[in-house]
>>> print(open('data_19.pdb').read())   # PDB, C-alpha atoms (C1' of nucleotides)
ATOM      1  CA  MET A  25      96.654 100.154 117.470
ATOM      2  CA  PRO A  26     100.221 100.816 116.677
ATOM      3  CA  GLU A  27     103.450  98.894 116.409
ATOM      4  CA  GLY A  28     106.816 100.561 116.849
ATOM      5  CA  HIS A  29     107.010 102.143 113.396
ATOM      6  CA  VAL A  30     103.815 104.129 114.071
ATOM      7  CA  ILE A  31     105.174 105.362 117.395
ATOM      8  CA  HIS A  32     108.366 106.572 115.740
ATOM      9  CA  ARG A  33     106.290 108.327 113.073
ATOM     10  CA  TYR A  34     104.389 110.105 115.801
ATOM     11  CA  ALA A  35     107.677 111.115 117.429
ATOM     12  CA  LEU A  36     108.916 112.627 114.159
ATOM     13  CA  ASP A  37     105.622 114.364 113.434
ATOM     14  CA  HIS A  38     105.223 115.773 116.924
ATOM     15  CA  ARG A  39     108.839 116.922 117.036
ATOM     16  CA  ASP A  40     108.334 118.711 113.714
ATOM     17  CA  ARG A  41     105.190 120.389 114.910
ATOM     18  CA  LEU A  42     105.968 121.335 118.478
ATOM     19  CA  ALA A  43     109.645 121.024 119.426
ATOM     20  CA  GLY A  44     111.107 124.403 120.328
ATOM     21  CA  ARG A  45     107.649 125.890 120.850
ATOM     22  CA  VAL A  46     105.739 126.891 123.916
ATOM     23  CA  VAL A  47     102.897 124.399 124.168
ATOM     24  CA  ARG A  48      99.385 124.874 125.482
ATOM     25  CA  ALA A  49      98.013 121.689 127.052
ATOM     26  CA  THR A  50      94.523 120.728 128.183
ATOM     27  CA  SER A  51      92.704 117.528 129.116
ATOM     28  CA  PRO A  52      89.072 117.745 127.917
ATOM     29  CA  GLN A  53      88.388 114.319 129.392
ATOM     30  CA  GLY A  54      89.827 115.483 132.703
ATOM     31  CA  ARG A  55      91.792 112.364 133.569
ATOM     32  CA  PHE A  56      95.065 114.119 132.833
ATOM     33  CA  GLY A  57      93.950 117.519 134.102
ATOM     34  CA  ALA A  58      96.706 118.011 136.651
ATOM     35  CA  GLY A  59      99.386 116.781 134.260
ATOM     36  CA  ALA A  60      98.156 119.026 131.462
ATOM     37  CA  ARG A  61      98.229 122.043 133.775
ATOM     38  CA  ARG A  62     101.773 121.112 134.784
ATOM     39  CA  ILE A  63     103.127 121.236 131.205
ATOM     40  CA  ASP A  64     100.829 123.999 129.931
ATOM     41  CA  GLY A  65     102.819 127.025 128.831
ATOM     42  CA  ARG A  66     106.178 125.251 128.829
ATOM     43  CA  LYS A  67     108.544 124.840 125.930
ATOM     44  CA  LEU A  68     108.791 121.356 124.402
ATOM     45  CA  ILE A  69     112.447 120.445 124.060
ATOM     46  CA  ASP A  70     112.261 117.144 122.195
ATOM     47  CA  VAL A  71     110.273 113.972 121.545
ATOM     48  CA  ASP A  72     111.830 110.517 121.821
ATOM     49  CA  ALA A  73     110.482 107.068 121.017
ATOM     50  CA  HIS A  74     111.676 103.676 122.149
ATOM     51  CA  GLY A  75     109.684 100.664 121.042
ATOM     52  CA  LYS A  76     106.062 101.587 121.665
ATOM     53  CA  HIS A  77     106.816 104.276 124.260
ATOM     54  CA  LEU A  78     106.929 108.042 123.681
ATOM     55  CA  PHE A  79     108.677 110.634 125.853
ATOM     56  CA  TYR A  80     108.100 114.376 125.523
ATOM     57  CA  ARG A  81     110.682 116.510 127.292
ATOM     58  CA  PHE A  82     109.604 119.928 128.526
ATOM     59  CA  GLU A  83     111.611 122.807 129.893
ATOM     60  CA  ARG A  84     111.544 122.825 133.704
ATOM     61  CA  ALA A  85     109.022 119.960 134.018
ATOM     62  CA  GLU A  86     108.874 116.198 134.159
ATOM     63  CA  ALA A  87     108.752 114.260 130.889
ATOM     64  CA  LEU A  88     105.403 113.258 129.420
ATOM     65  CA  HIS A  89     105.265 109.483 128.930
ATOM     66  CA  VAL A  90     102.655 108.081 126.534
ATOM     67  CA  HIS A  91     101.869 104.479 125.655
ATOM     68  CA  LEU A  92      98.952 104.012 123.285
ATOM     69  CA  GLY A  93      98.111 100.441 124.244
ATOM     70  CA  LEU A  94      95.614  98.728 122.011
ATOM     71  CA  TYR A  95      93.216 101.646 121.585
ATOM     72  CA  GLY A  96      95.207 104.822 121.820
ATOM     73  CA  LYS A  97      95.317 107.225 118.900
ATOM     74  CA  PHE A  98      96.853 110.582 118.010
ATOM     75  CA  ARG A  99      95.430 113.048 115.532
ATOM     76  CA  SER A 100      97.345 116.013 114.174
ATOM     77  CA  PHE A 101      95.979 119.126 112.500
ATOM     78  CA  ASP A 102      97.732 121.974 110.706
ATOM     79  CA  ALA A 103      94.966 124.499 111.006
ATOM     80  CA  LYS A 104      91.333 124.774 111.989
ATOM     81  CA  PRO A 105      91.143 121.550 114.002
ATOM     82  CA  PRO A 106      87.702 120.192 114.881
ATOM     83  CA  PRO A 107      86.858 120.635 118.549
ATOM     84  CA  PRO A 108      88.254 117.784 120.651
ATOM     85  CA  THR A 109      85.804 115.049 121.565
ATOM     86  CA  PRO A 110      84.933 114.784 125.266
ATOM     87  CA  ALA A 111      87.021 111.592 125.409
ATOM     88  CA  THR A 112      90.210 113.405 124.373
ATOM     89  CA  ARG A 113      92.766 112.785 127.109
ATOM     90  CA  LEU A 114      95.237 115.460 126.052
ATOM     91  CA  THR A 115      95.426 118.339 123.604
ATOM     92  CA  LEU A 116      98.723 119.980 122.678
ATOM     93  CA  LEU A 117      98.733 123.264 120.746
ATOM     94  CA  GLY A 118     101.641 125.295 119.477
ATOM     95  CA  GLY A 119     102.570 127.367 116.428
ATOM     96  CA  GLY A 120      99.311 126.632 114.633
ATOM     97  CA  ASN A 121      99.639 122.889 115.186
ATOM     98  CA  THR A 122      97.156 120.826 117.160
ATOM     99  CA  ILE A 123      97.597 117.299 118.472
ATOM    100  CA  TYR A 124      94.825 115.271 120.109
ATOM    101  CA  LEU A 125      95.423 112.101 122.124
ATOM    102  CA  ALA A 126      92.607 109.662 122.926
ATOM    103  CA  GLY A 127      92.461 106.264 124.570
ATOM    104  CA  PRO A 128      96.077 105.787 125.658
ATOM    105  CA  SER A 129      96.846 103.116 128.218
ATOM    106  CA  VAL A 130      99.500 105.407 129.733
ATOM    107  CA  CYS A 131      99.621 109.202 129.808
ATOM    108  CA  GLU A 132     101.671 110.406 132.768
ATOM    109  CA  LEU A 133     104.474 112.692 133.857
ATOM    110  CA  VAL A 134     107.673 110.915 134.854
ATOM    111  CA  GLU A 135     110.826 111.982 136.671
ATOM    112  CA  PRO A 136     114.113 111.136 134.937
ATOM    113  CA  TRP A 137     114.708 108.105 137.155
ATOM    114  CA  ALA A 138     111.259 106.718 136.291
ATOM    115  CA  GLU A 139     111.866 107.255 132.578
ATOM    116  CA  GLN A 140     115.173 105.423 132.918
ATOM    117  CA  ALA A 141     113.442 102.540 134.699
ATOM    118  CA  ILE A 142     111.016 102.223 131.767
ATOM    119  CA  LEU A 143     113.854 102.254 129.241
ATOM    120  CA  ASP A 144     115.861  99.764 131.313
ATOM    121  CA  ARG A 145     113.200  97.112 131.033
ATOM    122  CA  LEU A 146     112.824  97.492 127.261
ATOM    123  CA  GLY A 147     114.811  95.436 124.791
ATOM    124  CA  PRO A 148     116.669  96.801 121.752
ATOM    125  CA  ASP A 149     114.619  98.835 119.258
ATOM    126  CA  PRO A 150     115.177  97.786 115.619
ATOM    127  CA  LEU A 151     114.456 101.369 114.530
ATOM    128  CA  LYS A 152     117.543 102.442 116.496
ATOM    129  CA  SER A 153     119.650  99.583 115.174
ATOM    130  CA  GLY A 154     123.364 100.109 115.640
ATOM    131  CA  THR A 155     123.043 102.665 118.434
ATOM    132  CA  GLU A 156     124.135 101.803 121.951
ATOM    133  CA  GLY A 157     122.091  98.945 123.374
ATOM    134  CA  ASN A 158     120.129  98.462 120.147
ATOM    135  CA  THR A 159     122.124  95.724 118.492
ATOM    136  CA  VAL A 160     121.736  92.177 117.282
ATOM    137  CA  GLU A 161     124.108  91.154 120.084
ATOM    138  CA  VAL A 162     121.725  92.433 122.756
ATOM    139  CA  PHE A 163     118.803  90.772 120.977
ATOM    140  CA  ALA A 164     120.745  87.501 120.827
ATOM    141  CA  SER A 165     121.634  87.582 124.503
ATOM    142  CA  ASN A 166     117.998  88.303 125.415
ATOM    143  CA  LEU A 167     116.859  85.290 123.380
ATOM    144  CA  ALA A 168     119.555  83.047 124.862
ATOM    145  CA  ARG A 169     118.059  83.554 128.333
ATOM    146  CA  ARG A 170     114.568  82.423 127.334
ATOM    147  CA  ARG A 171     113.157  78.984 126.696
ATOM    148  CA  ILE A 172     109.748  80.262 125.547
ATOM    149  CA  PRO A 173     108.809  79.834 121.862
ATOM    150  CA  ILE A 174     110.296  82.497 119.605
ATOM    151  CA  GLY A 175     106.723  83.458 118.618
ATOM    152  CA  ALA A 176     106.144  84.529 122.219
ATOM    153  CA  ALA A 177     109.620  86.008 122.725
ATOM    154  CA  VAL A 178     109.371  88.568 119.906
ATOM    155  CA  LEU A 179     106.183  89.990 121.455
ATOM    156  CA  ASP A 180     107.988  90.437 124.787
ATOM    157  CA  GLN A 181     109.032  94.102 124.796
ATOM    158  CA  SER A 182     111.948  93.336 127.107
ATOM    159  CA  VAL A 183     113.369  91.033 124.393
ATOM    160  CA  ILE A 184     112.852  93.349 121.407
ATOM    161  CA  ALA A 185     110.997  96.667 121.608
ATOM    162  CA  GLY A 186     108.481  97.773 119.008
ATOM    163  CA  VAL A 187     107.483  94.465 117.447
ATOM    164  CA  GLY A 188     103.732  93.849 117.652
ATOM    165  CA  ASN A 189     101.390  91.153 116.498
ATOM    166  CA  ILE A 190     101.562  91.883 112.759
ATOM    167  CA  PHE A 191     105.353  92.055 112.641
ATOM    168  CA  ARG A 192     105.626  88.907 114.775
ATOM    169  CA  SER A 193     103.843  86.742 112.207
ATOM    170  CA  GLU A 194     105.371  88.481 109.200
ATOM    171  CA  ALA A 195     108.978  88.622 110.415
ATOM    172  CA  LEU A 196     109.040  84.953 111.456
ATOM    173  CA  PHE A 197     107.595  84.020 108.060
ATOM    174  CA  VAL A 198     110.144  86.036 106.079
ATOM    175  CA  ALA A 199     112.972  84.690 108.247
ATOM    176  CA  GLY A 200     111.639  81.150 107.680
ATOM    177  CA  ILE A 201     111.559  80.380 111.407
ATOM    178  CA  SER A 202     108.867  78.258 113.039
ATOM    179  CA  PRO A 203     107.168  80.255 115.813
ATOM    180  CA  HIS A 204     107.370  77.176 118.033
ATOM    181  CA  THR A 205     111.182  77.072 118.064
ATOM    182  CA  PRO A 206     112.465  77.725 121.588
ATOM    183  CA  ALA A 207     114.028  81.200 121.682
ATOM    184  CA  ASN A 208     117.293  79.904 123.114
ATOM    185  CA  SER A 209     117.718  77.251 120.426
ATOM    186  CA  LEU A 210     117.843  79.568 117.408
ATOM    187  CA  THR A 211     121.146  79.441 115.557
ATOM    188  CA  ASP A 212     123.331  82.543 115.342
ATOM    189  CA  SER A 213     122.420  82.977 111.696
ATOM    190  CA  GLU A 214     118.693  82.646 112.447
ATOM    191  CA  VAL A 215     118.957  85.314 115.143
ATOM    192  CA  ALA A 216     120.883  87.598 112.785
ATOM    193  CA  GLU A 217     118.347  87.048 110.019
ATOM    194  CA  LEU A 218     115.378  87.673 112.314
ATOM    195  CA  TRP A 219     116.905  90.919 113.621
ATOM    196  CA  ALA A 220     117.705  92.067 110.085
ATOM    197  CA  VAL A 221     114.165  91.293 108.925
ATOM    198  CA  CYS A 222     112.696  93.250 111.852
ATOM    199  CA  VAL A 223     114.931  96.233 111.087
ATOM    200  CA  THR A 224     113.940  96.198 107.418
ATOM    201  CA  MET A 225     110.215  95.768 108.073
ATOM    202  CA  LEU A 226     110.002  98.443 110.750
ATOM    203  CA  GLU A 227     112.068 100.891 108.691
ATOM    204  CA  LYS A 228     109.821 100.311 105.676
ATOM    205  CA  GLY A 229     106.749 100.771 107.854
ATOM    206  CA  LEU A 230     108.217 103.974 109.268
ATOM    207  CA  ALA A 231     108.972 105.342 105.810
ATOM    208  CA  GLU A 232     105.681 104.338 104.183
ATOM    209  CA  GLY A 233     103.312 104.766 107.092
ATOM    210  CA  ARG A 234     101.808 101.329 106.792
ATOM    211  CA  ILE A 235     102.877  97.734 107.084
ATOM    212  CA  VAL A 236     103.518  96.086 103.734
ATOM    213  CA  THR A 237     105.802  93.083 103.888
ATOM    214  CA  VAL A 238     105.144  91.374 100.561
ATOM    215  CA  ALA A 239     107.698  92.413  97.967
ATOM    216  CA  ARG A 240     106.335  94.489  95.082
ATOM    217  CA  SER A 241     102.859  94.244  96.505
ATOM    218  CA  ARG A 242     100.290  96.743  95.337
ATOM    219  CA  VAL A 243      98.024  97.581  98.200
ATOM    220  CA  ARG A 244      95.101  99.901  97.768
ATOM    221  CA  PRO A 245      94.888 102.821 100.125
ATOM    222  CA  GLY A 246      92.281 102.639 102.840
ATOM    223  CA  PRO A 247      91.336  99.842 105.209
ATOM    224  CA  ARG A 248      93.218  96.600 104.816
ATOM    225  CA  ARG A 249      91.255  93.531 103.798
ATOM    226  CA  ASN A 250      92.182  89.871 104.124
ATOM    227  CA  GLY A 251      95.826  90.420 104.881
ATOM    228  CA  ALA A 252      96.486  92.418 101.693
ATOM    229  CA  GLY A 253     100.197  93.182 101.402
ATOM    230  CA  LEU A 254     101.040  90.627 104.076
ATOM    231  CA  TYR A 255     102.306  87.059 103.873
ATOM    232  CA  VAL A 256     100.399  85.353 106.677
ATOM    233  CA  TYR A 257      98.878  87.822 109.173
ATOM    234  CA  GLN A 258      95.090  87.426 109.295
ATOM    235  CA  ARG A 259      95.168  85.238 106.216
ATOM    236  CA  ASP A 260      92.819  82.635 107.651
ATOM    237  CA  GLN A 261      91.542  80.036 105.212
ATOM    238  CA  GLN A 262      93.982  81.286 102.597
ATOM    239  CA  ILE A 263      97.001  79.769 100.946
ATOM    240  CA  CYS A 264     100.605  80.753 101.503
ATOM    241  CA  ARG A 265     101.788  83.296  98.946
ATOM    242  CA  ARG A 266     105.042  81.365  98.543
ATOM    243  CA  CYS A 267     104.221  77.658  98.587
ATOM    244  CA  ASN A 268     100.423  77.548  98.189
ATOM    245  CA  GLY A 269     100.179  75.519 101.391
ATOM    246  CA  PRO A 270      97.575  76.385 104.037
ATOM    247  CA  VAL A 271      98.187  79.282 106.424
ATOM    248  CA  SER A 272      97.928  78.043 110.015
ATOM    249  CA  ARG A 273      96.598  79.997 112.964
ATOM    250  CA  GLU A 274      96.774  79.569 116.729
ATOM    251  CA  GLU A 275      96.870  81.508 119.982
ATOM    252  CA  MET A 276     100.337  82.198 121.335
ATOM    253  CA  ALA A 277     101.130  84.655 124.155
ATOM    254  CA  ASN A 278      97.441  85.650 124.284
ATOM    255  CA  ARG A 279      97.423  86.852 120.696
ATOM    256  CA  THR A 280      96.563  85.221 117.413
ATOM    257  CA  LEU A 281      99.550  84.010 115.442
ATOM    258  CA  TRP A 282      99.626  83.006 111.771
ATOM    259  CA  TRP A 283     102.348  80.991 110.051
ATOM    260  CA  CYS A 284     103.066  78.549 107.194
ATOM    261  CA  GLY A 285     104.102  75.073 108.283
ATOM    262  CA  VAL A 286     105.955  74.497 104.986
ATOM    263  CA  CYS A 287     107.913  77.754 104.743
ATOM    264  CA  GLN A 288     108.542  77.725 108.517
ATOM    265  CA  PRO A 289     109.383  74.097 109.245
ATOM    266  CA  PRO A 290     109.961  72.913 112.827
ATOM    267  CA  GLY A 291     113.564  73.486 113.836
TER     268      GLY A 291
ATOM    269  C1'  DG B  10      72.532 101.686 115.392
ATOM    270  C1'  DG B  11      74.331  97.623 118.047
ATOM    271  C1'  DG B  12      77.904  94.061 118.391
ATOM    272  C1'  DT B  13      82.526  92.970 118.121
ATOM    273  C1'  DG B  14      87.345  92.533 117.398
ATOM    274  C1'  DA B  15      91.763  94.976 117.366
ATOM    275  C1'  DT B  16      98.786  96.590 115.496
ATOM    276  C1'  DG B  17      98.847  96.137 124.030
ATOM    277  C1'  DC B  18      99.899  95.753 128.637
ATOM    278  C1'  DT B  19      99.132  95.322 133.719
ATOM    279  C1'  DG B  20      98.185  93.275 137.855
ATOM    280  C1'  DA B  21      95.293  90.216 140.618
ATOM    281  C1'  DG B  22      94.940  85.483 141.826
TER     282       DG B  22
ATOM    283  C1'  DT C  22      96.367  82.430 133.343
ATOM    284  C1'  DC C  23      93.066  85.791 132.572
ATOM    285  C1'  DA C  24      90.064  89.826 133.327
ATOM    286  C1'  DG C  25      90.136  94.613 132.749
ATOM    287  C1'  DC C  26      91.187  98.815 130.676
ATOM    288  C1'  DC C  27      88.780 102.042 127.248
ATOM    289  C1'  DT C  28      88.414 103.705 122.094
ATOM    290  C1'  DC C  29      87.494 103.215 117.310
ATOM    291  C1'  DA C  30      86.352 101.174 112.872
ATOM    292  C1'  DC C  31      84.154  97.747 110.692
ATOM    293  C1'  DC C  32      80.355  94.552 109.893
ATOM    294  C1'  DC C  33      75.747  93.327 109.796
ATOM    295  C1'  DC C  34      71.271  94.306 110.356
TER     296       DC C  34
END
>>> encode(input="data_19.pdb", output="structure tokens")
Amino acid sequence: MPEGHVIHRYALDHRDRLAGRVVRATSPQGRFGAGARRIDGRKLIDVDAHGKHLFYRFERAEALHVHLGLYGKFRSFDAKPPPPTPATRLTLLGGGNTIYLAGPSVCELVEPWAEQAILDRLGPDPLKSGTEGNTVEVFASNLARRRIPIGAAVLDQSVIAGVGNIFRSEALFVAGISPHTPANSLTDSEVAELWAVCVTMLEKGLAEGRIVTVARSRVRPGPRRNGAGLYVYQRDQQICRRCNGPVSREEMANRTLWWCGVCQPPG
DNA sequence: GGGTGATGCTGAG
DNA sequence: TCAGCCTCACCCC
């Protein structure tokens, strides 16, 4: 159940483990049998991430495109991996490393033009901030063309790629922006602040391997409870960490959104 | 051991 | 707008 920082972590991990190696691929579940046979025995050139999408480039084959969706999960093993479960969609082995993929919403081989089409419909990725196409200017121009609430716009992957439901609530809170503000009515400084907050949050998540947005928060390892380490996400029936006002919750863009009506006043 | 919600997205209507 | 996908971890017996 990953947001963009997790996808980029996977890209780094999988590149470390398998890039430059000849990879053995299987599909125990069978749904990707033909694709696995196609890449089996080929050298992995590189792994790229954009937003929540992963692309694995193989020598003399199409690229492998993976999107984890809500359920998808990777597991990596250095040595002596457990046998893959029957539901494992794809196994990748090389140089003593093993990677299992289960439950992805997309696992397919794509020609270069199809990969480009996927990238073309994605917005800028905060984890690539400053590179071509991944700038606050592109983000701003995407927002300027939309009248939907900003709380819906930041979940739209064609507006900004990699932000999911946790970062939506947390980034809008830290930026002090009401989720109900129309996307095209944000001021230049609000847009700049929101982009900067997303960059910082995703980079911290990438570095630490988990989402902690509250400054100097001590979060215990293991499963998260009651929005620990977060300002508003899933903090139902709790008070705002900043102003002690109530944390509000509602559905927006088919997902649950949390915010503080005091710290994020209507624009 | 069953029920359920979850960090997502697509496509039918 | 909303059902469907399809897996896992957590909660409550």
>>> residues_around(input="data_19.pdb", residues="DT22 of chain C", least_positions_apart="3", cutoff="12 Å", atoms="only C-alpha atoms (C1' of nucleotides)", output="VMD selection string")
(chain A and resid 277 to 278) or (chain B and resid 20 to 22)
>>> resolve_selection(input="data_19.pdb", expression="the PyMOL selection byres ((chain C and resi 29) around 12)", output="count of residues only")
16
>>> resolve_selection(input="data_19.pdb", expression="the PyMOL selection byres ((chain B) within 8 of (chain A))", output="PyMOL selection string")
chain B and resi 15-18
>>> resolve_selection(input="data_19.pdb", expression="the PyMOL selection byres ((chain A and resi 104) around 10)", output="list in words")
Phe101, Asp102, Ala103, Pro105, Pro106, Pro107, Gly120, Asn121 and Thr122 of chain A
>>> residues_around(input="data_19.pdb", residues="DC34 of chain C", least_positions_apart="6", cutoff="12 Å", atoms="only C-alpha atoms (C1' of nucleotides)", output="PyMOL selection string")
chain B and resi 10-12
>>> atom_distance(input="data_19.pdb", atom1="atom C1' of DT19 of chain B", atom2="atom CA of Ala87 of chain A")
21.4 Å
>>> residues_around(input="data_19.pdb", residues="segment 31-48 of chain A", least_positions_apart="3", cutoff="9 Å", atoms="all atoms listed in the file", output="ChimeraX atom specification")
/A:26-28,60-61,63-80,91-92,98,100,102,115-123,151,186,230-231,233
>>> write_last_selection(input="data_19.pdb", atoms="C-alpha atoms", output="compact mmCIF listing (two decimals), in the coordinates of the input")
# COMPACT_ATOMS: atom_id res chain seq x y z
CA PRO A 26 100.22 100.82 116.68
CA GLU A 27 103.45 98.89 116.41
CA GLY A 28 106.82 100.56 116.85
CA ALA A 60 98.16 119.03 131.46
CA ARG A 61 98.23 122.04 133.78
CA ILE A 63 103.13 121.24 131.21
CA ASP A 64 100.83 124.00 129.93
CA GLY A 65 102.82 127.02 128.83
CA ARG A 66 106.18 125.25 128.83
CA LYS A 67 108.54 124.84 125.93
CA LEU A 68 108.79 121.36 124.40
CA ILE A 69 112.45 120.44 124.06
CA ASP A 70 112.26 117.14 122.20
CA VAL A 71 110.27 113.97 121.54
CA ASP A 72 111.83 110.52 121.82
CA ALA A 73 110.48 107.07 121.02
CA HIS A 74 111.68 103.68 122.15
CA GLY A 75 109.68 100.66 121.04
CA LYS A 76 106.06 101.59 121.66
CA HIS A 77 106.82 104.28 124.26
CA LEU A 78 106.93 108.04 123.68
CA PHE A 79 108.68 110.63 125.85
CA TYR A 80 108.10 114.38 125.52
CA HIS A 91 101.87 104.48 125.66
CA LEU A 92 98.95 104.01 123.28
CA PHE A 98 96.85 110.58 118.01
CA SER A 100 97.34 116.01 114.17
CA ASP A 102 97.73 121.97 110.71
CA THR A 115 95.43 118.34 123.60
CA LEU A 116 98.72 119.98 122.68
CA LEU A 117 98.73 123.26 120.75
CA GLY A 118 101.64 125.30 119.48
CA GLY A 119 102.57 127.37 116.43
CA GLY A 120 99.31 126.63 114.63
CA ASN A 121 99.64 122.89 115.19
CA THR A 122 97.16 120.83 117.16
CA ILE A 123 97.60 117.30 118.47
CA LEU A 151 114.46 101.37 114.53
CA GLY A 186 108.48 97.77 119.01
CA LEU A 230 108.22 103.97 109.27
CA ALA A 231 108.97 105.34 105.81
CA GLY A 233 103.31 104.77 107.09
>>> atom_distance(input="data_19.pdb", atom1="atom CA of Leu133 of chain A", atom2="atom C1' of DC26 of chain C")
19.5 Å
>>> closest_residue(input="data_19.pdb", among="A:Leu167, A:Val183, A:Cys287, A:Ala239", to="Asp212 of chain A", atoms="all atoms listed in the file")
A:Leu167
>>> atom_distance(input="data_19.pdb", atom1="atom CA of Arg145 of chain A", atom2="atom CA of Thr159 of chain A")
15.5 Å
>>> axis_aligned_box(input="data_19.pdb", around="segment 156-169 of chain A", padding_each_side="4 Å", output="AutoDock Vina command-line options")
--center_x 120.5 --center_y 92.4 --center_z 122.8 --size_x 15.3 --size_y 26.8 --size_z 19.1
>>> closest_residue(input="data_19.pdb", among="A:Ala199, A:Ile263, A:Arg113, A:Ala85", to="chain C", atoms="all atoms listed in the file")
A:Arg113
>>> decode(input="data_19.pdb", residues="chain B", atoms="N, CA, C and O atoms (P, O5', C5', C4', C3', O3' and C1' of nucleotides)", output="tab-separated table (two decimals), in the first residue's frame")
chain	number	residue	atom	x	y	z
B	10	DG	P	-7.50	-22.38	11.68
B	10	DG	O5'	-8.64	-21.37	12.15
B	10	DG	C5'	-10.00	-21.76	12.30
B	10	DG	C4'	-10.86	-20.54	12.08
B	10	DG	C3'	-10.80	-19.97	10.66
B	10	DG	O3'	-12.11	-19.61	10.26
B	10	DG	C1'	-10.32	-18.26	12.19
B	11	DG	P	-12.47	-19.46	8.70
B	11	DG	O5'	-13.41	-18.18	8.78
B	11	DG	C5'	-14.54	-18.18	9.65
B	11	DG	C4'	-14.95	-16.75	9.93
B	11	DG	C3'	-15.21	-15.91	8.68
B	11	DG	O3'	-16.38	-15.14	8.88
B	11	DG	C1'	-13.56	-14.87	10.00
B	12	DG	P	-17.00	-14.29	7.69
B	12	DG	O5'	-16.60	-12.82	8.14
B	12	DG	C5'	-16.99	-12.36	9.43
B	12	DG	C4'	-16.54	-10.93	9.61
B	12	DG	C3'	-16.80	-10.02	8.41
B	12	DG	O3'	-17.27	-8.79	8.90
B	12	DG	C1'	-14.48	-10.02	8.92
B	13	DT	P	-17.74	-7.64	7.88
B	13	DT	O5'	-16.42	-6.75	7.82
B	13	DT	C5'	-15.85	-6.26	9.03
B	13	DT	C4'	-14.61	-5.46	8.71
B	13	DT	C3'	-14.73	-4.57	7.46
B	13	DT	O3'	-14.25	-3.29	7.77
B	13	DT	C1'	-12.78	-5.86	7.34
B	14	DG	P	-14.95	-2.04	7.12
B	14	DG	O5'	-13.70	-1.06	7.06
B	14	DG	C5'	-12.82	-0.96	8.17
B	14	DG	C4'	-11.40	-0.83	7.68
B	14	DG	C3'	-11.21	0.17	6.54
B	14	DG	O3'	-10.06	0.95	6.81
B	14	DG	C1'	-10.30	-1.89	5.92
B	15	DA	P	-9.92	2.38	6.24
B	15	DA	O5'	-8.51	2.36	5.54
B	15	DA	C5'	-7.36	1.77	6.18
B	15	DA	C4'	-6.40	1.35	5.12
B	15	DA	C3'	-6.52	2.14	3.81
B	15	DA	O3'	-5.62	3.23	3.84
B	15	DA	C1'	-6.24	-0.22	3.44
B	16	DT	P	-6.09	4.54	3.17
B	16	DT	O5'	-4.92	4.90	2.17
B	16	DT	C5'	-3.61	4.72	2.56
B	16	DT	C4'	-2.70	5.25	1.49
B	16	DT	C3'	-2.52	4.33	0.29
B	16	DT	O3'	-1.87	5.09	-0.77
B	16	DT	C1'	-0.61	4.28	1.57
B	17	DG	P	-2.78	5.63	-1.99
B	17	DG	O5'	-3.23	4.31	-2.76
B	17	DG	C5'	-2.25	3.56	-3.42
B	17	DG	C4'	-2.67	3.33	-4.87
B	17	DG	C3'	-3.18	4.58	-5.59
B	17	DG	O3'	-2.44	4.67	-6.79
B	17	DG	C1'	-4.78	2.84	-5.75
B	18	DC	P	-2.67	5.80	-7.88
B	18	DC	O5'	-3.67	5.16	-8.93
B	18	DC	C5'	-3.23	4.00	-9.64
B	18	DC	C4'	-4.38	3.36	-10.35
B	18	DC	C3'	-5.07	4.23	-11.39
B	18	DC	O3'	-4.68	3.71	-12.66
B	18	DC	C1'	-6.60	2.90	-10.13
B	19	DT	P	-5.26	4.33	-14.02
B	19	DT	O5'	-6.41	3.31	-14.43
B	19	DT	C5'	-6.14	1.92	-14.36
B	19	DT	C4'	-7.40	1.16	-14.73
B	19	DT	C3'	-8.13	1.74	-15.94
B	19	DT	O3'	-8.39	0.66	-16.81
B	19	DT	C1'	-9.61	1.55	-14.09
B	20	DG	P	-8.76	0.92	-18.33
B	20	DG	O5'	-10.33	0.57	-18.36
B	20	DG	C5'	-10.80	-0.65	-17.83
B	20	DG	C4'	-12.29	-0.52	-17.58
B	20	DG	C3'	-13.06	0.12	-18.73
B	20	DG	O3'	-14.34	-0.47	-18.78
B	20	DG	C1'	-13.47	1.32	-16.80
B	21	DA	P	-14.98	-0.90	-20.16
B	21	DA	O5'	-16.46	-1.24	-19.72
B	21	DA	C5'	-16.67	-2.09	-18.60
B	21	DA	C4'	-17.85	-1.60	-17.79
B	21	DA	C3'	-19.06	-1.18	-18.63
B	21	DA	O3'	-20.24	-1.67	-18.00
B	21	DA	C1'	-18.43	0.60	-17.21
B	22	DG	P	-21.63	-1.74	-18.80
B	22	DG	O5'	-22.41	-0.46	-18.28
B	22	DG	C5'	-22.82	-0.40	-16.91
B	22	DG	C4'	-23.31	1.00	-16.62
B	22	DG	C3'	-24.26	1.56	-17.67
B	22	DG	O3'	-25.53	1.84	-17.09
B	22	DG	C1'	-22.61	3.14	-17.04
